[in-house]
$ cat start-v2.json   # JSON, C-alpha atoms
[["chain", "number", "residue", "atom", "x", "y", "z"],
["W", 24, "MET", "CA", 119.03, 138.21, 97.80],
["W", 25, "THR", "CA", 115.69, 137.63, 96.12],
["W", 26, "HIS", "CA", 112.22, 138.38, 97.35],
["W", 27, "LYS", "CA", 109.05, 136.37, 97.21],
["W", 28, "ASP", "CA", 105.98, 138.33, 96.12],
["W", 29, "THR", "CA", 103.05, 136.44, 97.59],
["W", 30, "ALA", "CA", 100.64, 139.21, 98.64],
["W", 31, "PRO", "CA", 97.59, 139.56, 96.39],
["W", 32, "THR", "CA", 97.61, 143.28, 95.60],
["W", 33, "THR", "CA", 96.89, 145.55, 92.69],
["W", 34, "PRO", "CA", 99.91, 146.82, 90.74],
["W", 35, "VAL", "CA", 101.65, 149.82, 92.28],
["W", 36, "ASP", "CA", 103.20, 152.57, 90.15],
["W", 37, "PRO", "CA", 106.89, 152.40, 91.14],
["W", 38, "ILE", "CA", 107.60, 156.02, 90.26],
["W", 39, "MET", "CA", 104.80, 157.60, 92.29],
["W", 40, "SER", "CA", 105.09, 155.21, 95.23],
["W", 41, "GLY", "CA", 108.87, 155.76, 95.25],
["W", 42, "ILE", "CA", 108.52, 159.53, 95.26],
["W", 43, "LYS", "CA", 106.02, 159.29, 98.12],
["W", 44, "GLY", "CA", 108.30, 156.85, 100.01],
["W", 45, "ARG", "CA", 105.76, 154.02, 100.03],
["W", 46, "CYS", "CA", 106.03, 150.24, 99.91],
["W", 47, "PRO", "CA", 106.73, 148.86, 96.42],
["W", 48, "ARG", "CA", 104.26, 145.98, 96.84],
["W", 49, "CYS", "CA", 101.18, 147.51, 98.48],
["W", 50, "GLY", "CA", 101.83, 151.25, 98.07],
["W", 51, "GLY", "CA", 100.50, 151.84, 101.58],
["W", 52, "GLY", "CA", 103.28, 151.24, 104.09],
["W", 53, "HIS", "CA", 106.20, 153.54, 104.68],
["W", 54, "LEU", "CA", 109.47, 152.69, 102.95],
["W", 55, "PHE", "CA", 111.63, 154.90, 105.13],
["W", 56, "ASP", "CA", 112.31, 155.12, 108.86],
["W", 57, "GLY", "CA", 113.64, 158.65, 109.06],
["W", 58, "TYR", "CA", 114.97, 160.64, 106.15],
["W", 59, "ILE", "CA", 116.66, 157.97, 103.99],
["W", 60, "LYS", "CA", 117.04, 154.99, 106.34],
["W", 61, "LEU", "CA", 114.91, 152.05, 105.21],
["W", 62, "ASN", "CA", 112.36, 150.37, 107.44],
["W", 63, "GLY", "CA", 112.94, 146.67, 108.10],
["W", 64, "SER", "CA", 109.60, 145.74, 106.57],
["W", 65, "CYS", "CA", 106.28, 147.23, 105.48],
["W", 66, "GLU", "CA", 103.85, 147.80, 108.32],
["W", 67, "ASN", "CA", 100.96, 147.26, 105.93],
["W", 68, "CYS", "CA", 101.80, 144.08, 103.96],
["W", 69, "ASP", "CA", 104.88, 142.78, 105.87],
["W", 70, "LEU", "CA", 107.16, 142.88, 102.81],
["W", 71, "ASP", "CA", 110.75, 142.46, 104.02],
["W", 72, "PHE", "CA", 112.86, 145.31, 102.63],
["W", 73, "GLY", "CA", 116.03, 143.22, 102.94],
["W", 74, "PHE", "CA", 116.19, 142.94, 99.14],
["W", 75, "ALA", "CA", 116.53, 146.71, 98.74],
["W", 76, "ASP", "CA", 119.98, 148.01, 97.93],
["W", 77, "ALA", "CA", 120.03, 151.30, 96.07],
["W", 78, "GLY", "CA", 123.74, 151.75, 96.78],
["W", 79, "ASP", "CA", 125.18, 155.03, 95.52],
["W", 80, "GLY", "CA", 122.73, 155.27, 92.63],
["W", 81, "PRO", "CA", 120.45, 157.95, 94.10],
["W", 82, "ALA", "CA", 123.40, 160.15, 95.11],
["W", 83, "VAL", "CA", 124.99, 159.85, 91.67],
["W", 84, "PHE", "CA", 121.75, 160.81, 89.91],
["W", 85, "VAL", "CA", 121.26, 163.74, 92.29],
["W", 86, "ILE", "CA", 124.81, 164.99, 91.69],
["W", 87, "LEU", "CA", 124.43, 164.75, 87.92],
["W", 88, "LEU", "CA", 120.96, 166.30, 87.69],
["W", 89, "ILE", "CA", 121.39, 169.11, 90.21],
["W", 90, "GLY", "CA", 124.97, 169.79, 89.11],
["W", 91, "PHE", "CA", 123.86, 170.18, 85.49],
["W", 92, "LEU", "CA", 120.98, 172.45, 86.48],
["W", 93, "VAL", "CA", 122.85, 174.66, 88.95],
["W", 94, "VAL", "CA", 126.04, 175.02, 86.90],
["W", 95, "GLY", "CA", 124.00, 175.82, 83.79],
["W", 96, "LEU", "CA", 121.95, 178.45, 85.58],
["W", 97, "ALA", "CA", 125.02, 179.94, 87.28],
["W", 98, "LEU", "CA", 126.83, 180.23, 83.94],
["W", 99, "TRP", "CA", 123.79, 181.80, 82.33],
["W", 100, "LEU", "CA", 123.48, 184.34, 85.16],
["W", 101, "GLU", "CA", 127.20, 185.16, 84.98],
["W", 102, "VAL", "CA", 127.20, 185.66, 81.21],
["W", 103, "SER", "CA", 123.91, 187.58, 81.14],
["W", 104, "TYR", "CA", 124.27, 189.88, 84.15],
["W", 105, "GLY", "CA", 127.77, 189.45, 85.66],
["W", 106, "PRO", "CA", 126.74, 189.65, 89.33],
["W", 107, "PRO", "CA", 129.36, 189.77, 92.10],
["W", 108, "LEU", "CA", 130.74, 186.51, 93.46],
["W", 109, "TRP", "CA", 128.97, 186.89, 96.83],
["W", 110, "LEU", "CA", 125.62, 186.94, 95.04],
["W", 111, "HIS", "CA", 126.45, 183.67, 93.28],
["W", 112, "PHE", "CA", 127.25, 182.12, 96.67],
["W", 113, "LEU", "CA", 124.05, 183.52, 98.16],
["W", 114, "ILE", "CA", 121.92, 182.04, 95.37],
["W", 115, "TRP", "CA", 123.56, 178.77, 94.35],
["W", 116, "ILE", "CA", 124.80, 177.21, 97.60],
["W", 117, "PRO", "CA", 121.41, 177.21, 99.37],
["W", 118, "LEU", "CA", 119.60, 176.22, 96.17],
["W", 119, "THR", "CA", 121.99, 173.31, 95.63],
["W", 120, "VAL", "CA", 121.60, 172.05, 99.20],
["W", 121, "VAL", "CA", 117.78, 172.29, 99.14],
["W", 122, "LEU", "CA", 117.44, 170.61, 95.74],
["W", 123, "CYS", "CA", 119.89, 167.81, 96.62],
["W", 124, "LEU", "CA", 118.21, 167.02, 99.93],
["W", 125, "GLY", "CA", 114.77, 167.21, 98.35],
["W", 126, "LEU", "CA", 115.64, 164.91, 95.48],
["W", 127, "LEU", "CA", 117.77, 162.32, 97.31],
["W", 128, "ARG", "CA", 114.93, 160.65, 99.22],
["W", 129, "ALA", "CA", 112.60, 160.61, 96.21],
["W", 130, "LEU", "CA", 115.21, 159.05, 93.92],
["W", 131, "LYS", "CA", 116.16, 156.45, 96.50],
["W", 132, "GLY", "CA", 112.49, 155.49, 96.83],
["W", 133, "VAL", "CA", 112.05, 155.30, 93.06],
["W", 134, "LEU", "CA", 115.15, 153.13, 92.59],
["W", 135, "ILE", "CA", 114.07, 150.72, 95.34],
["W", 136, "ASN", "CA", 110.55, 150.50, 93.93],
["W", 137, "LEU", "CA", 111.92, 149.82, 90.45],
["W", 138, "GLN", "CA", 114.28, 147.22, 91.90],
["W", 139, "PHE", "CA", 111.28, 145.41, 93.42],
["W", 140, "LYS", "CA", 109.12, 145.72, 90.31],
["W", 141, "ASN", "CA", 111.83, 144.32, 88.02],
["W", 142, "SER", "CA", 113.03, 141.68, 90.50],
["W", 143, "ALA", "CA", 116.53, 143.11, 90.20],
["W", 144, "HIS", "CA", 119.24, 141.50, 92.30],
["W", 145, "GLU", "CA", 122.98, 141.21, 92.36],
["W", 146, "GLY", "CA", 124.51, 139.59, 89.29],
["W", 147, "GLU", "CA", 125.65, 135.99, 89.44],
["W", 148, "ILE", "CA", 128.20, 134.10, 87.38],
["W", 149, "ASP", "CA", 126.87, 130.93, 85.77],
["W", 150, "ASP", "CA", 129.21, 127.96, 86.07],
["W", 151, "GLU", "CA", 128.52, 125.88, 82.98]]
$ encode --input "start-v2.json" --output "structure tokens"
Amino acid sequence: MTHKDTAPTTPVDPIMSGIKGRCPRCGGGHLFDGYIKLNGSCENCDLDFGFADAGDGPAVFVILLIGFLVVGLALWLEVSYGPPLWLHFLIWIPLTVVLCLGLLRALKGVLINLQFKNSAHEGEIDDE
């Protein structure tokens, strides 16, 4: 599905507008209706968000980034201080949940904004 960019607007930074959860075209309207559910369209410029399909990309990036960070820090703490197992659970489980939930929405917004900026759409096979 492709989108038609017809609104005369100034360029929007896809990274910052994605992190803030704003429209990729105008940067003013809300991208999300709830935590990670997309709005149908922008309330500011009427851009239809039907083109947006981040798929599992945001979740994969969150798993890789937060997993690398938390496992690295947990290993460092274990090697350096050797705390009891209950302390690892007390530190790393809440930290992992908070970081994952905090990063998921921002990464989904960034990927959708980059998808709009680069006119990315599903691949097609050319029949020549």
$ residues_around --input "start-v2.json" --residues "Phe139 in chain W" --least-positions-apart "6" --cutoff "8 Å" --atoms "only C-alpha atoms" --output "number ranges by chain"
W: 47-48, 74-75
$ residues_around --input "start-v2.json" --residues "Pro81 in chain W" --least-positions-apart "3" --cutoff "9 Å" --atoms "all atoms listed in the file" --output "PDB file with C-alpha atoms, in the coordinates of the input"
ATOM      1  CA  ALA W  77     120.030 151.300  96.070  1.00  0.00           C
ATOM      2  CA  GLY W  78     123.740 151.750  96.780  1.00  0.00           C
ATOM      3  CA  PHE W  84     121.750 160.810  89.910  1.00  0.00           C
ATOM      4  CA  VAL W  85     121.260 163.740  92.290  1.00  0.00           C
ATOM      5  CA  ILE W  86     124.810 164.990  91.690  1.00  0.00           C
ATOM      6  CA  LEU W 126     115.640 164.910  95.480  1.00  0.00           C
ATOM      7  CA  LEU W 127     117.770 162.320  97.310  1.00  0.00           C
ATOM      8  CA  ARG W 128     114.930 160.650  99.220  1.00  0.00           C
ATOM      9  CA  ALA W 129     112.600 160.610  96.210  1.00  0.00           C
ATOM     10  CA  LEU W 130     115.210 159.050  93.920  1.00  0.00           C
ATOM     11  CA  LYS W 131     116.160 156.450  96.500  1.00  0.00           C
ATOM     12  CA  GLY W 132     112.490 155.490  96.830  1.00  0.00           C
ATOM     13  CA  VAL W 133     112.050 155.300  93.060  1.00  0.00           C
ATOM     14  CA  LEU W 134     115.150 153.130  92.590  1.00  0.00           C
TER      15      LEU W 134
END
$ axis_aligned_box --input "start-v2.json" --around "range 53-57 of chain W" --padding-each-side "5 Å" --output "lines of an AutoDock Vina configuration file"
center_x = 109.9
center_y = 155.7
center_z = 106.0
size_x = 17.4
size_y = 16.0
size_z = 16.1
$ residues_around --input "start-v2.json" --residues "Ala97 in chain W" --least-positions-apart "3" --cutoff "12 Å" --atoms "only C-alpha atoms" --output "PyMOL selection string"
chain W and resi 89-94+100-108+110-116+118-119
$ atom_distance --input "start-v2.json" --atom1 "CA of Asn67 in chain W" --atom2 "CA of Gly52 in chain W"
5.0 Å
$ atom_distance --input "start-v2.json" --atom1 "CA of Ile135 in chain W" --atom2 "CA of Pro37 in chain W"
8.5 Å
$ closest_residue --input "start-v2.json" --among "W:Cys49, W:Ala82, W:Met39, W:Cys65" --to "Gly125 in chain W" --atoms "all atoms listed in the file"
W:Ala82
$ atom_distance --input "start-v2.json" --atom1 "CA of Asp76 in chain W" --atom2 "CA of Pro117 in chain W"
29.3 Å
